[in-house]
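*Asks:* Structure provided below as structure tokens; questions to follow.
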Amino acid sequence: MDLENKVSISLKSIYKTFDDFTLDIDLEIEQGEMISLLGPSGCGKSTTLRIIAGFEDPDEGTVSINDKDISHLPPEKRNIGMVFQDYALFPHMTVYENIAYGPKLRKWSKKKITESVNNMLSIVHLKDFGERKITHLSGGEQQRVALARALITEPQLLLLDEPLSALDAKLRKKLRREIRRIQKELKITTIYVTHDQEEALAISDRIAVMNEGRCIEFNLPEVLYRKPSDLFSAGFLGNSNIIEIIDTDIENKEVNTVIGYFKVDYIKEKSDEKSFLFFRPDQCRKAEDHHSGNIIDGIIVDEEYTGSHTSIDVESNGLIIKALFDETKLWKIGDKISLHIPAEYSRVL
Amino acid sequence: MILSLRKVRGEIYLIPAFLFILIIFYIPLSGILIKGIQNENGQFSLENIIGIISSPYYRKTIFFTFSQAIVSTVFSIIIGIPGAWIMSHYSFPGKKFIKAIITIPFILPSILVVLGFVLFFGKNGLLNNALNVLGFEDLKLLYSFKAIIIAHVFYNFPIAIRIISSLWEKIPQSQMMAAKSLGAGKIRVFRTITFHQILPSILTSSMIIFIFCFMSFAIILVLGGGPELSTVEVEVYRLAKVTLDLNRGSSLALIQSSLTLLFMFLYSSLEKYKSYEEKLLTKANRARYSLKLDLKSFLIIIYFIFVLLLIVAPPLSVVLESFKESRSLSGDSHFSLYWYREIFNPNSRGTYGKIAFNSLINSLFYAISTILFTIPVSTLVSWVITRKKLRFPALTELIFLLPFGISSVILGLSYMRLSLMLPDSFKGSAILVILAHSVISLPLVFKPVLSIFRKVKISLREAALNLGASGFRTFIDIELPLIKSGLLTGAIFAFAVSIGEMNATLMLSRPGTTTLPITIYRLIGSYKFFGACALGTILMFICLVAFMAIDKFDGFGE
Amino acid sequence: MKSFPGFLKAVLILTLLTASSLIFASGRQQSPDTTSKPLIVYSYDSFASEWGAGPSIIAEFEEKYGVTVELHAPGDGVTVLSQLILEKDNPKADVVIGLDNNLLARTLKENILEKYKSAEIKKVSKDLLFDKSYHLTPYDYGYFSICYDKENITNLPQSLEDLTNAEYKDSLVLMDPRTSTPGLGFLLWTIAVYGDDYLEYWDRLKPSILTVTESWSSGYGLFLKEEAPLVLSYSTSPVYHAEYEDTTRYGAIKFSEGNYEHIEGMGIVKGTGNRDLAEKFIDFMLADSSQKTLALSNIMFPSVTETELPESFKHAFYADNALLIESDTIEDKSSDWVQQWIENYGK
């Protein structure tokens, strides 16, 4: 982001009790960035979005946009664009009328409305769709109309609530790029709720991983992927190997596990909970002679060739380690193998 | 400060509606029902209630009331579903007319229903006469249990058609098509998908029909053939209006009302539970098919002939009677426009014409006013129930539904009490009659409106708010167009109930104000049967026109 | 949501709608004549209907005395009684019309009438004075009788017992004593004739009954539609057809055991603020013109014996043996009798 890192959206001490969990959020989002709220179902990400939009009230805490506290404003006064999970397009109106609804409410001149709507339709690649009825649109088209409708009034913030979950995989990939492209073009601060970690990784400037109402980690995608600071976010994003630890040597940054000793890059301080060794399958290397530590010896018990990768399951001392290589078939089941995990990608969480 | 307003409970919005129903209905009603738990001296006593529950006679009566209502309801729904399917999937010439005509039985005073039935199905009825001419024997349908069921079905299955088809029209096709593409046969599709989607409307209409049949009175006695088959309503009538044992009558009414309340509560919970999650995406699927020459169309025609027989024939018989006059020595009646001339000739010698005309105007006035009152109230209440947090949503719903489950005898006594409670200046005011009509029709208006409200996704409303629309604008721009069909169904019921209403009008209106049903009853009570049929015909005609006019709004703004 | 102002708008619209409805409604009110205190008369429904006896009698009365009369008809006779009872502590009416002999005991028990012995009462036959305490004054009467349709029956039953003959299977339409006055009248009739054996009589009668209707109206309607050739009605019913339809097709049968009597009465409501006018009204009802009107509109016999009756009344009969059960007995026993009857019927 080349812009001044002005804090755009601020969620301070948002606190709300529900039946099964308590929402407890503190988040600061910068101007123009696109962040994802990522987490399993029921973790509170949609609720957070709804609180920002004004459809729910927190028990405590404030929501501010550009330092202005909007917590007391009703949703219709917040000037936030939102794309709902089911798109919520007005079925009795045409595409044009749906998109024009916001501007109409703001009493724009007819000329301005027509111009803006057509402009918006171009941006979402739906030119000439104006007179179409909502019921005659495909899922992807509806989604884009919803996007256009949310953006036309130039809101200060865009919220997307799992906008692609109803679509098939190929369309999802295509559309998430579209959304990202538009977002960058308009430079609009965006919060994107999803449970699909691949999606979050692909389009976010930063990701807030959530679980049971709390934000576990909030960081850049690559940091969360390579160097997560929490076991939950580590496990949620991408594939991972999580190994129980027997002993920890904090000073030397070394741990002992059932599959051997490991030098690690980071050991998380934990009060009384168990710690685990964590590394990603794609960080496994074939052990070479010059590798002196962090070796796992085992037997291949399963392998899967997907064309671009080969993933293998290695059994070592009763545990299954997953490894991912981008080479073509080199092994078969039953082969002995030694894996090496670089210390910088080994973490204790 | 604004924050606290926002946390205002939904109940606040309902205060005007609560007040209205409290004053017009609940307070006078409790004045009557309280006698059920009192003895003659006005002291608290459960002796009557216990007496009723422990009496085998009453138990038998309650059981019969229940069983005939169940059987009637089941048949009404079974016969109604194909009709609903036809109405929601096909378009054909005269569809609006048929839709209006099948609602006619609903507005007829029950005595005309009974007479119409006898005129057509009776020993000397049109049907048997026709059969005899063709050499067949009499069809002995009347004066039996099956006559009751047939009459109930005739009276009620159009309700099922209306309510179910109004929802069916709106079911998105996507799921059905998906299922079909996966190879599911038509029956399977219906059973697994469609049925669940129309289930809420089936439950709503079942509840309405069940309660109507539960409270049935004239049909049971006359067409049932004898007092062996009698219902709780008859006994309430007997106690409260003939024996004048108000304590025992109210006890029975209390038991009756508790039962209907229980049923309504069960239905409501079931309906909410089954209210299919899939919300409306589409507007009404304007009927996709038109009649062709194939087996399906043939079956449809058979269905319609059957419908015609059951629904149209009895009122039609009444219509035919209206063109008769009995002025010969032999006592035979012959074709004559006498009664119509009387009505439409402003200079007619008889007062009959003037009265008929006045009744017509009054009836129309009350009916339209009832629509104007109940539609906004129902909309408001439905809006609050579905959009706001209520502490007891089911109870709130029941509060407005209850008048439906109260015996009309007891209602009549409540109005008597109401007229006593109010200051003299209020007596006889038209507004009082309108309010009373509104209370009785409210359950029937409110239910369809509520059902359709539930079907409108909350996210649509939220989207509108999010785009900057105020709550009011959201309602006008977004929700109102989508609930229109529910409002129309409600308006039809409001009109129908009001125009057929007698009890409240008799009790509360200014002396000399008559309405069509009152005049019809008075005509019959004074030997003028043909005249009653003529007025009944006019009543039917008015309703037909009104229903078609209201239905016209359905396609409005598309 | 935070849309309170929007909600206010909705309330405003609703109020406007109600207000306009009100304005229209009040426009339809008739402006009352406030020259003198109106006389409030409660009556049963058919009396008040425009072709009933009420309007013309009242019009004459109003003209004669220069007063206003307000007629309120909440339903049938029993409904009127219920209203009077409900209003007991704060009576609104001055005169009540339509309480028959079956209701006498109840009326007296509830103490809702004032005694009044009209001077005109000497014109009324002594047999008709069912209320010796003069709270209720008879104004017309009739006999329940089985009416027949000449076109559909030749061999007429001459007694209650005859009705049970096999030839009359499914030929008779009756009314339910639980819900209709004639129905109750017929039941009392059978009790008056058969005493404690009345239930056995009904067992014998049952095959002849086509149906038991809830009101006279539907029953008589069935009869006119030729569903059955015999119907329970009044001895004066044929008069209507003769007078207004020029036909003598329908007749009424005088039974050998007698016919049960039905006497209708009127009285002054206790607590009336218009006693003087009320008395005049009672007197007026017994005047010749009123009695004639009553006869022709109600199709009943006028209580004033010397009233001249039109030709058509020759088709009605006066019972040789007018049966009537004591009012007190009716009050005590009728609900038991009805209950026994229904439980017996349903066996």
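Labeling convention for the structure tokens: chains A, B, ... as they appear, residues from 1 per chain, ligands from 1 in order of appearance.
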Find the spatial neighbours of C:Asp176, counting only C-alpha atoms, within a cut-off of 8 Å - ignore same-chain residues fewer than 2 positions away - and output them as an NGL selection string.
*Replies:* (:B and (227)) or (:C and (174 or 178-180 or 183-184 or 212-215))
*Asks:* From a DSSP calculation on the backbone, collect every residue of stretch 148-310 of chain A in helix (DSSP H, G or I) and output the set as a PyMOL selection string.
*Replies:* chain A and resi 148-151+169-186+197-203+221-226+231-236+281-283
*Asks:* Name the closest residue to chain C among the candidates B:Leu115, B:Ile255, B:Cys533, B:Ile542; distances are taken between atoms, counting only C-alpha atoms.
*Replies:*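 Between B:Leu115, B:Ile255, B:Cys533, B:Ile542, the residue approaching chain C most closely is B:Leu115.
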*Asks:* Select all residues from chain B having any atom no more than 6 Å from an atom of chain A (counting only C-alpha atoms, ignoring ligands), output as JSON, numbers by chain.
*Replies:* {"B": [282, 459, 460, 465, 466, 467, 468, 469]}
*Asks:* Pick out the residues sitting within 12 Å of stretch 230-233 of chain A, and hand them over as a ChimeraX atom specification; count only C-alpha atoms, and ignore anything fewer than 3 positions along from it in its own chain.
*Replies:* /A:37-40,197,207-212,214-219,221,223-227,236-244,266-270,273-279,347-349
*Asks:* The selected residues should be written to file as a PDB file, in the first residue's frame (atoms: C-alpha atoms).
*Replies:*
```pdb
ATOM      1  CA  LEU A  37     -12.050 -12.385   8.615  1.00  0.00           C
ATOM      2  CA  LEU A  38     -11.255 -16.042   8.374  1.00  0.00           C
ATOM      3  CA  GLY A  39     -12.505 -18.761  10.598  1.00  0.00           C
ATOM      4  CA  PRO A  40     -14.721 -21.810  10.989  1.00  0.00           C
ATOM      5  CA  GLN A 197      -8.523 -20.177   3.748  1.00  0.00           C
ATOM      6  CA  ILE A 207      -5.964 -11.878   7.455  1.00  0.00           C
ATOM      7  CA  ALA A 208      -7.657 -11.948  10.827  1.00  0.00           C
ATOM      8  CA  VAL A 209      -8.029 -15.532  11.893  1.00  0.00           C
ATOM      9  CA  MET A 210     -10.947 -15.944  14.262  1.00  0.00           C
ATOM     10  CA  ASN A 211     -12.166 -18.681  16.497  1.00  0.00           C
ATOM     11  CA  GLU A 212     -14.855 -18.779  19.144  1.00  0.00           C
ATOM     12  CA  ARG A 214     -11.843 -13.993  19.345  1.00  0.00           C
ATOM     13  CA  CYS A 215      -9.300 -12.820  16.860  1.00  0.00           C
ATOM     14  CA  ILE A 216      -6.468 -15.276  17.132  1.00  0.00           C
ATOM     15  CA  GLU A 217      -3.999 -13.636  14.833  1.00  0.00           C
ATOM     16  CA  PHE A 218      -4.064 -10.691  12.516  1.00  0.00           C
ATOM     17  CA  ASN A 219      -1.220 -10.483  10.074  1.00  0.00           C
ATOM     18  CA  PRO A 221      -0.883 -13.856   4.670  1.00  0.00           C
ATOM     19  CA  VAL A 223       3.496 -14.399   7.830  1.00  0.00           C
ATOM     20  CA  LEU A 224       0.451 -16.367   8.903  1.00  0.00           C
ATOM     21  CA  TYR A 225       1.378 -19.095   6.540  1.00  0.00           C
ATOM     22  CA  ARG A 226       5.064 -19.346   7.213  1.00  0.00           C
ATOM     23  CA  LYS A 227       5.369 -18.074  10.742  1.00  0.00           C
ATOM     24  CA  PHE A 236      -6.538 -23.565  10.110  1.00  0.00           C
ATOM     25  CA  LEU A 237      -4.501 -22.091   7.319  1.00  0.00           C
ATOM     26  CA  GLY A 238      -3.166 -24.618   4.917  1.00  0.00           C
ATOM     27  CA  ASN A 239      -1.953 -28.040   5.822  1.00  0.00           C
ATOM     28  CA  SER A 240       0.244 -28.580   8.814  1.00  0.00           C
ATOM     29  CA  ASN A 241       2.112 -31.102  10.816  1.00  0.00           C
ATOM     30  CA  ILE A 242       1.548 -30.820  14.500  1.00  0.00           C
ATOM     31  CA  ILE A 243       3.704 -32.946  16.746  1.00  0.00           C
ATOM     32  CA  GLU A 244       3.457 -33.416  20.452  1.00  0.00           C
ATOM     33  CA  TYR A 266      10.234 -19.714  17.743  1.00  0.00           C
ATOM     34  CA  ILE A 267       8.842 -21.074  20.946  1.00  0.00           C
ATOM     35  CA  LYS A 268       5.572 -19.661  22.130  1.00  0.00           C
ATOM     36  CA  GLU A 269       5.184 -18.955  25.795  1.00  0.00           C
ATOM     37  CA  LYS A 270       2.354 -20.911  27.213  1.00  0.00           C
ATOM     38  CA  GLU A 273      -1.305 -25.667  27.886  1.00  0.00           C
ATOM     39  CA  LYS A 274       0.583 -28.199  25.887  1.00  0.00           C
ATOM     40  CA  SER A 275       2.981 -27.083  23.228  1.00  0.00           C
ATOM     41  CA  PHE A 276       3.315 -28.607  19.830  1.00  0.00           C
ATOM     42  CA  LEU A 277       5.905 -28.603  17.109  1.00  0.00           C
ATOM     43  CA  PHE A 278       4.574 -27.213  13.898  1.00  0.00           C
ATOM     44  CA  PHE A 279       5.815 -27.188  10.321  1.00  0.00           C
ATOM     45  CA  ARG A 347       7.934 -23.447  15.318  1.00  0.00           C
ATOM     46  CA  VAL A 348       6.671 -24.441  18.711  1.00  0.00           C
ATOM     47  CA  LEU A 349       3.147 -23.250  19.374  1.00  0.00           C
TER      48      LEU A 349
END
```
*Asks:* If you count only C-alpha atoms, which residues fall within 8 Å of stretch 146-156 of chain C, apart from same-chain ones fewer than 5 positions away, as a PyMOL selection string?
*Replies:* chain C and resi 226+229-235+237-238+249-253
*Asks:* Only C-alpha atoms, please: the residues just picked out, written as a PDB file, in the first residue's frame.
*Replies:*
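Writing done, so here's again14.pdb:
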```pdb
ATOM      1  CA  GLU C 226     -90.661 -30.346  -0.870  1.00  0.00           C
ATOM      2  CA  PRO C 229     -94.542 -33.055   3.235  1.00  0.00           C
ATOM      3  CA  LEU C 230     -94.904 -32.392   6.954  1.00  0.00           C
ATOM      4  CA  VAL C 231     -93.279 -29.742   9.055  1.00  0.00           C
ATOM      5  CA  LEU C 232     -93.558 -28.352  12.545  1.00  0.00           C
ATOM      6  CA  SER C 233     -94.841 -24.825  12.311  1.00  0.00           C
ATOM      7  CA  TYR C 234     -97.723 -22.697  13.506  1.00  0.00           C
ATOM      8  CA  SER C 235    -101.416 -23.152  12.936  1.00  0.00           C
ATOM      9  CA  SER C 237     -98.691 -20.516   8.696  1.00  0.00           C
ATOM     10  CA  PRO C 238    -101.153 -21.278   5.898  1.00  0.00           C
ATOM     11  CA  ARG C 249    -101.734 -25.474  -1.026  1.00  0.00           C
ATOM     12  CA  TYR C 250    -100.542 -25.524   2.564  1.00  0.00           C
ATOM     13  CA  GLY C 251    -102.583 -26.409   5.584  1.00  0.00           C
ATOM     14  CA  ALA C 252    -102.261 -26.919   9.301  1.00  0.00           C
ATOM     15  CA  ILE C 253    -103.625 -29.922  11.202  1.00  0.00           C
TER      16      ILE C 253
END
```
*Asks:* Using only C-alpha atoms for the distances, tell me which of A:Glu344, A:Asp168, A:Glu303, A:Asp282 is nearest to A:Trp331.
*Replies:*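 Going through A:Glu344, A:Asp168, A:Glu303, A:Asp282 one by one, the smallest distance to A:Trp331 is for A:Glu303.
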*Asks:* Tell me which protein, DNA and RNA residues are within 6 Å of stretch 73-83 of chain B, counting only C-alpha atoms, leaving out same-chain ones fewer than 5 positions away, and put them as a ChimeraX atom specification.
*Replies:* /B:153,157,160-161,209-210
*Asks:* Nearest residue to C:Leu210 out of C:Leu84, C:Ala166, C:Val173, C:Ile330, using only C-alpha atoms?
*Replies:* C:Val173
*Asks:* Using only C-alpha atoms, which residues sit within 9 Å of A:Ile65 once same-chain residues fewer than 5 positions away are excluded, as a list in words?
*Replies:*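 In the requested format, the answer is Val7, Ser8, Ile9, Ser10, Leu11, Ile70, Gln156 and Leu157 of chain A.
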*Asks:* Give me, please, the distance in Å between atom CA of B:Gly116 and atom CA of B:Ile410, quoted to one decimal.
*Replies:*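 Calculated distance between atom CA of B:Gly116 and atom CA of B:Ile410 is 27.0 Å.
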*Asks:* With distances taken over only C-alpha atoms, which residue among C:Phe186, C:Trp216, C:Tyr168, C:Tyr143 lies nearest chain B?
*Replies:*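 Among the listed residues, C:Trp216 lies closest to chain B.
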*Asks:* Can you pull out the residues contacting C:Glu70? Cut-off 9 Å, using only C-alpha atoms, and skip same-chain residues under 2 positions away; I want them as number ranges by chain.
*Replies:* B: 511-512; C: 38-42, 58, 68, 72
*Asks:* B:Leu33, B:Ile202, B:Met416, B:Ile70: which is nearest B:Ser258, counting only C-alpha atoms?
*Replies:*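 Looking only at the distances to B:Ser258, the closest residue turns out to be B:Leu33.
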*Asks:* From a DSSP calculation on the backbone, collect every residue of stretch 116-302 of chain A in strand (DSSP E or B) and output the set as a ChimeraX atom specification.
*Replies:* /A:133,157-161,190-194,206-211,214-219,241-249,254-257,260-263,266-267,276-279,285-286,295-302
*Asks:* For chain C, which of B:Leu432, B:Leu108, B:Ile49, B:Val439 is the closest residue, counting only C-alpha atoms?
*Replies:*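 Closest to chain C of all the choices is B:Leu432.
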*Asks:* Kindly give the distance, in Å, that separates atom CA of B:Ile104 and atom CA of B:Leu229, rounded to a single decimal.
*Replies:*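 About the pair atom CA of B:Ile104 and atom CA of B:Leu229: they are 26.6 Å apart.
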*Asks:* Using Å and a single decimal, report how far atom CA of B:Gly490 sits from atom CA of B:Leu418.
*Replies:* 26.0 Å
